[in-house]
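Pasted below: entry-v1.pdb, PDB, C-alpha atoms, pLDDT in the B column.
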```
ATOM      1  CA  MET A  13       6.095 147.699-124.847  1.00 50.00           C
ATOM      2  CA  CYS A  14       4.797 144.164-124.758  1.00 81.00           C
ATOM      3  CA  PHE A  15       1.042 143.718-125.042  1.00 90.00           C
ATOM      4  CA  PHE A  16       0.761 139.964-125.606  1.00 91.00           C
ATOM      5  CA  SER A  17       2.400 137.009-123.914  1.00 88.00           C
ATOM      6  CA  ASP A  18       2.872 135.186-127.214  1.00 89.00           C
ATOM      7  CA  LEU A  19       1.844 135.131-130.865  1.00 90.00           C
ATOM      8  CA  LYS A  20      -1.121 132.842-130.221  1.00 91.00           C
ATOM      9  CA  GLN A  21      -2.687 135.375-127.883  1.00 94.00           C
ATOM     10  CA  ALA A  22      -2.329 138.151-130.450  1.00 94.00           C
ATOM     11  CA  ILE A  23      -3.866 136.018-133.195  1.00 92.00           C
ATOM     12  CA  TYR A  24      -6.696 135.022-130.858  1.00 93.00           C
ATOM     13  CA  PHE A  25      -7.726 138.637-130.299  1.00 95.00           C
ATOM     14  CA  ARG A  26      -7.197 139.558-133.961  1.00 93.00           C
ATOM     15  CA  ASP A  27      -9.530 136.749-135.002  1.00 92.00           C
ATOM     16  CA  GLU A  28     -12.054 137.677-132.312  1.00 94.00           C
ATOM     17  CA  PHE A  29     -12.282 141.200-133.707  1.00 94.00           C
ATOM     18  CA  ARG A  30     -12.658 139.835-137.229  1.00 91.00           C
ATOM     19  CA  LEU A  31     -15.530 137.607-136.188  1.00 90.00           C
ATOM     20  CA  ALA A  32     -17.169 140.401-134.203  1.00 91.00           C
ATOM     21  CA  ARG A  33     -16.923 142.771-137.173  1.00 90.00           C
ATOM     22  CA  ALA A  34     -18.461 140.170-139.473  1.00 88.00           C
ATOM     23  CA  LYS A  35     -21.399 139.769-137.095  1.00 87.00           C
ATOM     24  CA  ALA A  36     -21.832 143.524-136.842  1.00 87.00           C
ATOM     25  CA  LEU A  37     -21.798 143.901-140.618  1.00 85.00           C
ATOM     26  CA  ALA A  38     -24.419 141.170-140.917  1.00 82.00           C
ATOM     27  CA  ASP A  39     -26.610 142.944-138.361  1.00 78.00           C
ATOM     28  CA  GLY A  40     -26.684 146.724-138.628  1.00 71.00           C
ATOM     29  CA  GLU A  41     -27.480 146.944-134.923  1.00 70.00           C
ATOM     30  CA  GLY A  42     -25.101 144.196-133.804  1.00 75.00           C
ATOM     31  CA  PHE A  43     -22.553 146.274-131.915  1.00 83.00           C
ATOM     32  CA  GLN A  44     -22.556 144.090-128.795  1.00 86.00           C
ATOM     33  CA  GLU A  45     -20.061 141.507-130.043  1.00 89.00           C
ATOM     34  CA  ILE A  46     -17.509 144.217-130.807  1.00 91.00           C
ATOM     35  CA  LEU A  47     -18.006 145.759-127.368  1.00 90.00           C
ATOM     36  CA  PHE A  48     -17.492 142.376-125.727  1.00 91.00           C
ATOM     37  CA  SER A  49     -14.292 141.871-127.760  1.00 93.00           C
ATOM     38  CA  ILE A  50     -12.969 145.294-126.734  1.00 93.00           C
ATOM     39  CA  GLU A  51     -13.714 144.550-123.084  1.00 92.00           C
ATOM     40  CA  ARG A  52     -11.995 141.156-123.266  1.00 93.00           C
ATOM     41  CA  LEU A  53      -8.917 142.689-124.894  1.00 95.00           C
ATOM     42  CA  GLY A  54      -8.918 145.508-122.332  1.00 92.00           C
ATOM     43  CA  GLY A  55      -9.201 143.001-119.510  1.00 92.00           C
ATOM     44  CA  SER A  56      -6.218 141.119-120.893  1.00 93.00           C
ATOM     45  CA  LEU A  57      -4.113 144.276-121.180  1.00 92.00           C
ATOM     46  CA  ASN A  58      -5.218 145.582-117.771  1.00 89.00           C
ATOM     47  CA  PRO A  59      -6.089 142.634-115.491  1.00 85.00           C
ATOM     48  CA  THR A  60      -7.126 144.961-112.651  1.00 83.00           C
ATOM     49  CA  GLY A  61     -10.531 145.201-114.347  1.00 74.00           C
ATOM     50  CA  GLY A  62     -13.058 147.966-113.897  1.00 74.00           C
ATOM     51  CA  GLY A  63     -14.680 148.267-117.311  1.00 77.00           C
ATOM     52  CA  LEU A  64     -13.923 150.223-120.449  1.00 80.00           C
ATOM     53  CA  GLY A  65     -12.948 153.394-118.606  1.00 82.00           C
ATOM     54  CA  ASN A  66     -10.089 151.624-116.827  1.00 87.00           C
ATOM     55  CA  TYR A  67      -8.976 149.935-120.042  1.00 91.00           C
ATOM     56  CA  GLU A  68      -8.707 153.104-122.117  1.00 90.00           C
ATOM     57  CA  GLU A  69      -5.070 153.916-121.372  1.00 92.00           C
ATOM     58  CA  ARG A  70      -3.719 150.481-122.315  1.00 93.00           C
ATOM     59  CA  LEU A  71      -6.014 150.178-125.322  1.00 94.00           C
ATOM     60  CA  THR A  72      -4.844 153.593-126.509  1.00 93.00           C
ATOM     61  CA  GLN A  73      -1.202 152.559-126.122  1.00 94.00           C
ATOM     62  CA  LEU A  74      -1.881 149.520-128.281  1.00 95.00           C
ATOM     63  CA  ALA A  75      -3.932 151.510-130.806  1.00 94.00           C
ATOM     64  CA  ARG A  76      -0.965 153.845-131.376  1.00 93.00           C
ATOM     65  CA  LYS A  77       0.744 150.938-133.130  1.00 93.00           C
ATOM     66  CA  SER A  78      -1.744 151.295-135.991  1.00 92.00           C
ATOM     67  CA  SER A  79      -1.376 153.818-138.805  1.00 88.00           C
ATOM     68  CA  LEU A  80      -5.152 154.222-138.518  1.00 89.00           C
ATOM     69  CA  PHE A  81      -4.592 155.903-135.150  1.00 88.00           C
ATOM     70  CA  ASP A  82      -3.261 159.073-136.795  1.00 80.00           C
ATOM     71  CA  ASP A  83      -6.322 161.262-137.377  1.00 75.00           C
ATOM     72  CA  SER A  84      -4.247 163.716-139.422  1.00 74.00           C
ATOM     73  CA  ILE A  85      -4.518 161.227-142.286  1.00 75.00           C
ATOM     74  CA  PRO A  86      -7.650 161.938-144.387  1.00 76.00           C
ATOM     75  CA  GLY A  87     -10.378 159.427-143.602  1.00 75.00           C
ATOM     76  CA  ASN A  88      -9.049 158.508-140.171  1.00 77.00           C
ATOM     77  CA  ILE A  89     -11.145 159.334-137.101  1.00 81.00           C
ATOM     78  CA  SER A  90      -9.575 160.015-133.719  1.00 87.00           C
ATOM     79  CA  PHE A  91      -9.320 156.858-131.619  1.00 90.00           C
ATOM     80  CA  SER A  92     -10.121 158.827-128.480  1.00 89.00           C
ATOM     81  CA  ILE A  93     -13.311 160.206-130.037  1.00 87.00           C
ATOM     82  CA  LEU A  94     -14.440 156.778-131.217  1.00 90.00           C
ATOM     83  CA  PHE A  95     -13.586 155.220-127.868  1.00 89.00           C
ATOM     84  CA  GLY A  96     -15.464 157.943-126.029  1.00 87.00           C
ATOM     85  CA  ILE A  97     -18.584 157.448-128.134  1.00 83.00           C
ATOM     86  CA  VAL A  98     -18.515 153.691-127.631  1.00 83.00           C
ATOM     87  CA  ARG A  99     -17.725 153.917-123.906  1.00 81.00           C
ATOM     88  CA  VAL A 100     -20.550 156.356-123.153  1.00 78.00           C
ATOM     89  CA  SER A 101     -23.024 154.459-125.318  1.00 74.00           C
ATOM     90  CA  ARG A 102     -22.022 151.200-123.646  1.00 66.00           C
ATOM     91  CA  ASN A 103     -23.511 152.437-120.400  1.00 61.00           C
ATOM     92  CA  ASP A 104     -26.990 152.835-121.865  1.00 62.00           C
ATOM     93  CA  ALA A 105     -29.207 149.813-121.397  1.00 44.00           C
ATOM     94  CA  MET A 106     -30.822 149.571-124.825  1.00 55.00           C
ATOM     95  CA  HIS A 107     -30.079 150.912-128.302  1.00 57.00           C
ATOM     96  CA  GLN A 108     -32.325 150.505-131.286  1.00 61.00           C
ATOM     97  CA  GLY A 109     -32.914 151.902-134.709  1.00 69.00           C
ATOM     98  CA  ALA A 110     -30.764 154.699-136.117  1.00 71.00           C
ATOM     99  CA  PHE A 111     -28.824 155.192-132.863  1.00 73.00           C
ATOM    100  CA  ALA A 112     -27.870 151.502-132.740  1.00 75.00           C
ATOM    101  CA  ARG A 113     -26.740 151.587-136.361  1.00 80.00           C
ATOM    102  CA  HIS A 114     -24.641 154.686-135.663  1.00 80.00           C
ATOM    103  CA  LEU A 115     -23.083 153.010-132.628  1.00 83.00           C
ATOM    104  CA  THR A 116     -22.377 149.862-134.645  1.00 85.00           C
ATOM    105  CA  ASN A 117     -20.647 151.912-137.350  1.00 87.00           C
ATOM    106  CA  ASN A 118     -18.394 153.589-134.786  1.00 88.00           C
ATOM    107  CA  ALA A 119     -17.700 150.281-133.023  1.00 89.00           C
ATOM    108  CA  ILE A 120     -16.578 148.772-136.337  1.00 91.00           C
ATOM    109  CA  LYS A 121     -14.181 151.684-136.925  1.00 92.00           C
ATOM    110  CA  LEU A 122     -12.787 151.273-133.417  1.00 93.00           C
ATOM    111  CA  ALA A 123     -12.349 147.535-133.948  1.00 93.00           C
ATOM    112  CA  LEU A 124     -10.491 148.129-137.225  1.00 94.00           C
ATOM    113  CA  ILE A 125      -7.935 150.321-135.451  1.00 94.00           C
ATOM    114  CA  LEU A 126      -7.357 147.770-132.695  1.00 95.00           C
ATOM    115  CA  GLU A 127      -7.232 144.887-135.151  1.00 94.00           C
ATOM    116  CA  ASP A 128      -4.637 146.682-137.275  1.00 93.00           C
ATOM    117  CA  ALA A 129      -2.646 147.538-134.148  1.00 94.00           C
ATOM    118  CA  ILE A 130      -2.597 143.884-133.100  1.00 95.00           C
ATOM    119  CA  VAL A 131      -1.315 142.827-136.535  1.00 93.00           C
ATOM    120  CA  THR A 132       1.394 145.510-136.412  1.00 92.00           C
ATOM    121  CA  GLU A 133       2.446 144.819-132.820  1.00 93.00           C
ATOM    122  CA  ALA A 134       2.624 141.045-133.332  1.00 92.00           C
ATOM    123  CA  ARG A 135       4.333 141.439-136.727  1.00 90.00           C
ATOM    124  CA  LEU A 136       1.958 139.089-138.476  1.00 90.00           C
ATOM    125  CA  MET A 137       3.487 138.782-141.941  1.00 90.00           C
ATOM    126  CA  ASP A 138       3.092 135.181-143.126  1.00 93.00           C
ATOM    127  CA  ALA A 139       0.276 133.388-144.928  1.00 94.00           C
ATOM    128  CA  GLN A 140      -0.449 131.249-141.860  1.00 92.00           C
ATOM    129  CA  HIS A 141      -1.317 134.389-139.896  1.00 92.00           C
ATOM    130  CA  PHE A 142      -4.027 135.535-142.317  1.00 92.00           C
ATOM    131  CA  MET A 143      -5.433 132.416-143.963  1.00 92.00           C
ATOM    132  CA  VAL A 144      -8.906 131.060-143.331  1.00 91.00           C
ATOM    133  CA  LEU A 145      -8.533 127.584-141.849  1.00 89.00           C
ATOM    134  CA  ASN A 146     -10.332 124.503-143.154  1.00 90.00           C
ATOM    135  CA  PRO A 147     -11.615 126.097-146.362  1.00 93.00           C
ATOM    136  CA  ILE A 148     -14.901 124.944-147.837  1.00 95.00           C
ATOM    137  CA  CYS A 149     -14.248 122.920-150.984  1.00 96.00           C
ATOM    138  CA  ALA A 150     -16.245 121.358-153.770  1.00 97.00           C
ATOM    139  CA  GLU A 151     -16.073 117.641-154.520  1.00 97.00           C
ATOM    140  CA  LEU A 152     -16.216 116.053-157.945  1.00 97.00           C
ATOM    141  CA  TRP A 153     -19.154 113.849-156.927  1.00 97.00           C
ATOM    142  CA  GLN A 154     -21.294 116.755-155.720  1.00 97.00           C
ATOM    143  CA  PRO A 155     -24.169 118.000-157.928  1.00 97.00           C
ATOM    144  CA  MET A 156     -24.007 121.475-159.390  1.00 96.00           C
ATOM    145  CA  SER A 157     -27.002 122.444-157.256  1.00 96.00           C
ATOM    146  CA  LEU A 158     -24.872 121.898-154.134  1.00 97.00           C
ATOM    147  CA  ILE A 159     -21.875 123.700-155.675  1.00 96.00           C
ATOM    148  CA  ARG A 160     -24.150 126.649-156.430  1.00 96.00           C
ATOM    149  CA  GLN A 161     -25.506 126.547-152.884  1.00 96.00           C
ATOM    150  CA  LYS A 162     -22.008 126.638-151.372  1.00 96.00           C
ATOM    151  CA  VAL A 163     -21.076 129.667-153.453  1.00 95.00           C
ATOM    152  CA  LEU A 164     -24.260 131.584-152.624  1.00 95.00           C
ATOM    153  CA  ALA A 165     -24.448 130.668-148.928  1.00 90.00           C
ATOM    154  CA  ASN A 166     -20.878 131.818-148.300  1.00 89.00           C
ATOM    155  CA  SER A 167     -20.706 134.713-150.790  1.00 88.00           C
ATOM    156  CA  PHE A 168     -17.764 133.052-152.516  1.00 92.00           C
ATOM    157  CA  THR A 169     -16.271 134.208-155.783  1.00 94.00           C
ATOM    158  CA  TYR A 170     -14.067 131.119-156.115  1.00 96.00           C
ATOM    159  CA  LEU A 171     -14.527 127.595-154.789  1.00 97.00           C
ATOM    160  CA  PRO A 172     -11.568 125.171-154.694  1.00 97.00           C
ATOM    161  CA  PHE A 173     -11.693 121.517-155.687  1.00 97.00           C
ATOM    162  CA  GLU A 174      -9.154 118.760-156.269  1.00 96.00           C
ATOM    163  CA  ALA A 175      -9.103 116.677-159.429  1.00 95.00           C
ATOM    164  CA  GLU A 176      -6.469 114.126-160.425  1.00 91.00           C
ATOM    165  CA  GLY A 177      -4.024 115.382-157.827  1.00 90.00           C
ATOM    166  CA  LYS A 178      -4.296 119.036-158.872  1.00 94.00           C
ATOM    167  CA  TRP A 179      -6.099 121.865-157.114  1.00 96.00           C
ATOM    168  CA  ASN A 180      -8.420 124.072-159.112  1.00 97.00           C
ATOM    169  CA  PHE A 181     -10.907 126.908-158.694  1.00 97.00           C
ATOM    170  CA  VAL A 182     -14.393 127.149-160.123  1.00 97.00           C
ATOM    171  CA  SER A 183     -15.733 130.701-160.075  1.00 97.00           C
ATOM    172  CA  ASP A 184     -19.185 132.151-159.548  1.00 96.00           C
ATOM    173  CA  TYR A 185     -18.941 133.586-163.074  1.00 96.00           C
ATOM    174  CA  SER A 186     -18.183 130.207-164.659  1.00 97.00           C
ATOM    175  CA  ILE A 187     -21.012 128.560-162.705  1.00 97.00           C
ATOM    176  CA  ALA A 188     -23.477 131.270-163.737  1.00 95.00           C
ATOM    177  CA  THR A 189     -22.354 131.073-167.358  1.00 95.00           C
ATOM    178  CA  TYR A 190     -22.647 127.303-167.431  1.00 95.00           C
ATOM    179  CA  LEU A 191     -26.069 127.137-165.774  1.00 94.00           C
ATOM    180  CA  ARG A 192     -27.532 129.978-167.849  1.00 90.00           C
ATOM    181  CA  ASN A 193     -26.180 128.790-171.193  1.00 87.00           C
ATOM    182  CA  GLY A 194     -29.091 127.021-172.872  1.00 79.00           C
ATOM    183  CA  LEU A 195     -32.511 125.930-171.714  1.00 72.00           C
ATOM    184  CA  ASN A 196     -31.647 122.789-169.744  1.00 88.00           C
ATOM    185  CA  ARG A 197     -30.780 124.480-166.433  1.00 89.00           C
ATOM    186  CA  LYS A 198     -32.630 121.865-164.369  1.00 90.00           C
ATOM    187  CA  GLU A 199     -30.585 119.061-165.893  1.00 92.00           C
ATOM    188  CA  LYS A 200     -27.350 120.989-165.402  1.00 94.00           C
ATOM    189  CA  LEU A 201     -28.106 121.542-161.713  1.00 95.00           C
ATOM    190  CA  ALA A 202     -28.443 117.770-161.311  1.00 95.00           C
ATOM    191  CA  GLU A 203     -25.075 117.064-162.959  1.00 96.00           C
ATOM    192  CA  ARG A 204     -22.089 116.063-160.863  1.00 97.00           C
ATOM    193  CA  LEU A 205     -19.201 118.539-160.882  1.00 97.00           C
ATOM    194  CA  ASP A 206     -16.951 116.186-162.856  1.00 97.00           C
ATOM    195  CA  VAL A 207     -19.671 115.707-165.469  1.00 96.00           C
ATOM    196  CA  ALA A 208     -20.220 119.460-165.722  1.00 96.00           C
ATOM    197  CA  ILE A 209     -16.483 119.946-166.292  1.00 96.00           C
ATOM    198  CA  ARG A 210     -16.536 117.417-169.130  1.00 95.00           C
ATOM    199  CA  ASN A 211     -19.525 119.260-170.553  1.00 94.00           C
ATOM    200  CA  GLY A 212     -17.761 122.584-170.614  1.00 94.00           C
ATOM    201  CA  LEU A 213     -17.811 124.144-167.117  1.00 96.00           C
ATOM    202  CA  GLN A 214     -14.784 126.420-167.028  1.00 96.00           C
ATOM    203  CA  HIS A 215     -12.247 126.180-164.209  1.00 97.00           C
ATOM    204  CA  GLU A 216      -8.664 127.209-163.561  1.00 96.00           C
ATOM    205  CA  ILE A 217      -5.549 125.935-161.818  1.00 96.00           C
ATOM    206  CA  ALA A 218      -5.311 127.298-158.271  1.00 96.00           C
ATOM    207  CA  ALA A 219      -2.348 129.355-157.120  1.00 96.00           C
ATOM    208  CA  MET A 220      -0.620 127.787-154.105  1.00 97.00           C
ATOM    209  CA  VAL A 221       1.759 128.939-151.371  1.00 97.00           C
ATOM    210  CA  LEU A 222       3.182 127.584-148.127  1.00 97.00           C
ATOM    211  CA  THR A 223       2.082 128.656-144.643  1.00 95.00           C
ATOM    212  CA  THR A 224       5.500 130.262-144.121  1.00 95.00           C
ATOM    213  CA  ASP A 225       5.392 132.344-147.299  1.00 96.00           C
ATOM    214  CA  SER A 226       5.113 136.096-146.820  1.00 94.00           C
ATOM    215  CA  VAL A 227       2.013 138.150-147.532  1.00 93.00           C
ATOM    216  CA  GLU A 228       3.930 139.786-150.381  1.00 94.00           C
ATOM    217  CA  THR A 229       4.487 136.358-151.940  1.00 95.00           C
ATOM    218  CA  VAL A 230       0.801 135.536-151.538  1.00 95.00           C
ATOM    219  CA  LEU A 231      -0.282 138.703-153.347  1.00 95.00           C
ATOM    220  CA  LYS A 232       2.242 138.235-156.160  1.00 95.00           C
ATOM    221  CA  THR A 233       1.239 134.590-156.573  1.00 95.00           C
ATOM    222  CA  GLY A 234      -2.512 135.149-156.526  1.00 94.00           C
ATOM    223  CA  LEU A 235      -2.623 138.224-158.768  1.00 92.00           C
ATOM    224  CA  GLY A 236      -5.830 139.385-157.137  1.00 91.00           C
ATOM    225  CA  LYS A 237      -7.403 135.953-156.786  1.00 94.00           C
ATOM    226  CA  PRO A 238      -7.585 133.562-153.802  1.00 96.00           C
ATOM    227  CA  VAL A 239      -4.543 131.455-152.985  1.00 97.00           C
ATOM    228  CA  LEU A 240      -4.538 128.011-151.400  1.00 97.00           C
ATOM    229  CA  VAL A 241      -2.163 127.576-148.465  1.00 97.00           C
ATOM    230  CA  PHE A 242      -0.366 124.291-147.733  1.00 96.00           C
ATOM    231  CA  ASP A 243       1.736 123.268-144.748  1.00 92.00           C
ATOM    232  CA  ASP A 244       4.013 120.895-146.634  1.00 89.00           C
ATOM    233  CA  GLU A 245       6.386 121.469-149.553  1.00 88.00           C
ATOM    234  CA  ALA A 246       4.759 118.634-151.494  1.00 84.00           C
ATOM    235  CA  PHE A 247       1.558 120.700-151.513  1.00 89.00           C
ATOM    236  CA  GLU A 248      -0.458 117.705-150.375  1.00 88.00           C
ATOM    237  CA  HIS A 249      -2.078 118.958-147.165  1.00 92.00           C
ATOM    238  CA  LEU A 250      -4.400 121.936-147.613  1.00 95.00           C
ATOM    239  CA  ALA A 251      -4.189 124.166-144.533  1.00 95.00           C
ATOM    240  CA  GLY A 252      -6.212 127.181-145.591  1.00 95.00           C
ATOM    241  CA  ILE A 253      -7.153 129.777-148.167  1.00 96.00           C
ATOM    242  CA  ILE A 254      -6.256 133.448-148.326  1.00 95.00           C
ATOM    243  CA  THR A 255      -7.623 136.345-150.379  1.00 93.00           C
ATOM    244  CA  PRO A 256      -6.546 139.976-150.797  1.00 92.00           C
ATOM    245  CA  PHE A 257      -9.489 140.885-148.548  1.00 89.00           C
ATOM    246  CA  ASP A 258      -7.915 138.883-145.687  1.00 89.00           C
ATOM    247  CA  VAL A 259      -4.706 140.938-145.720  1.00 88.00           C
ATOM    248  CA  ILE A 260      -5.979 144.361-146.734  1.00 82.00           C
TER     249      ILE A 260
END
```
As a first step, turn the structure in this file into structure tokens.
Amino acid sequence: MCFFSDLKQAIYFRDEFRLARAKALADGEGFQEILFSIERLGGSLNPTGGGLGNYEERLTQLARKSSLFDDSIPGNISFSILFGIVRVSRNDAMHQGAFARHLTNNAIKLALILEDAIVTEARLMDAQHFMVLNPICAELWQPMSLIRQKVLANSFTYLPFEAEGKWNFVSDYSIATYLRNGLNRKEKLAERLDVAIRNGLQHEIAAMVLTTDSVETVLKTGLGKPVLVFDDEAFEHLAGIITPFDVI
């Protein structure tokens, strides 16, 4: 059964659910974005419209593609139960407090099933299907205060940078160790990244793959760490970054 007209459509909805989940996780009562995403997906699968109730059959057919659909597996919750909770709650005008947080939690679980089903149905298996585009990077001329800010603002564990034609990672651990080693933290924060490296800031060579490499290759190459993704065999044009979290 075909659910999407092409791969781009499938990736569009997968990414929409990812973004909606991120917003919901950032706001314990932020279930609305997930509900909107479910309605948009339902409207695409069943163009006749009519709201969540009319979309349930097609959404359920898609959800069956996911191994998360099987509630006989410990930890899995019935898709129909989750959908029913979300559908009924959707009709109430306002939700706040504990009820909103409960609804958000169930909406996230529902989104995870649909997201996994989309990935399975579209057979998304390459690095290009999971990578984060236009990754945030550090620059050698930037002060350590800005490098620190980038790591904290984005909850990064590793931050890529290019030096002398080679791609590297600087980690949150190495930054913390460098800034907290000694009493001159203020001076260290003012140092440029290249100066900090000369003064002992630890970094490591980045693992790299191509956009067409499989997820299995990504995981074997990264060994649990982020991997930089390039769209040319010369590894000159950085296309994205991918972590185990992105493919889990």
Residue contacts of segment 217-226 of chain A (7 Å, all atoms listed in the file) excluding same-chain residues fewer than 2 positions away, as a PyMOL selection string: chain A and resi 137-140+179-181+228-230+233-234+239-244
Create the file for the chosen residues now, containing C-alpha atoms and written as a PDB file, in the frame of the given file.
```
ATOM      1  CA  MET A 137       3.487 138.782-141.941  1.00 90.00           C
ATOM      2  CA  ASP A 138       3.092 135.181-143.126  1.00 93.00           C
ATOM      3  CA  ALA A 139       0.276 133.388-144.928  1.00 94.00           C
ATOM      4  CA  GLN A 140      -0.449 131.249-141.860  1.00 92.00           C
ATOM      5  CA  TRP A 179      -6.099 121.865-157.114  1.00 96.00           C
ATOM      6  CA  ASN A 180      -8.420 124.072-159.112  1.00 97.00           C
ATOM      7  CA  PHE A 181     -10.907 126.908-158.694  1.00 97.00           C
ATOM      8  CA  GLU A 228       3.930 139.786-150.381  1.00 94.00           C
ATOM      9  CA  THR A 229       4.487 136.358-151.940  1.00 95.00           C
ATOM     10  CA  VAL A 230       0.801 135.536-151.538  1.00 95.00           C
ATOM     11  CA  THR A 233       1.239 134.590-156.573  1.00 95.00           C
ATOM     12  CA  GLY A 234      -2.512 135.149-156.526  1.00 94.00           C
ATOM     13  CA  VAL A 239      -4.543 131.455-152.985  1.00 97.00           C
ATOM     14  CA  LEU A 240      -4.538 128.011-151.400  1.00 97.00           C
ATOM     15  CA  VAL A 241      -2.163 127.576-148.465  1.00 97.00           C
ATOM     16  CA  PHE A 242      -0.366 124.291-147.733  1.00 96.00           C
ATOM     17  CA  ASP A 243       1.736 123.268-144.748  1.00 92.00           C
ATOM     18  CA  ASP A 244       4.013 120.895-146.634  1.00 89.00           C
TER      19      ASP A 244
END
```
Evaluate the PyMOL selection byres ((chain A and resi 95) around 12) and record the selected residues as a PyMOL selection string, following the chain and residue labels used in the document. chain A and resi 47+50-51+64-65+67-69+71-72+75+81+89-94+96-102+115+118-123+125-126
In terms of the shortest atom-to-atom distance over all atoms listed in the file, which of A:Ala22, A:Leu205, A:Ala110, A:Ile253 is closest to Ala150 of chain A?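 Smallest distance to Ala150 of chain A is found for A:Leu205.
With atom CA of Leu152 of chain A on one side and atom CA of Asp206 of chain A on the other, the separation reads 5.0 Å.
Using all atoms listed in the file, the shortest contact distance between Ala208 of chain A and any of A:Trp153, A:Phe247, A:Phe48, A:Phe142 is found at A:Trp153.
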Which of these, A:Phe15, A:Phe173, A:Phe25, A:Phe257, has the shortest distance to Val227 of chain A once you count all atoms listed in the file?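 Looking at the shortest contact to Val227 of chain A, the residue is A:Phe257.
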Assuming the chain letters and numbering stay as they are in my file, what does the PyMOL selection byres ((chain A and resi 116) around 9) actually select? List them as a ChimeraX atom specification. /A:36-37,39-44,46,98,111-115,117-121
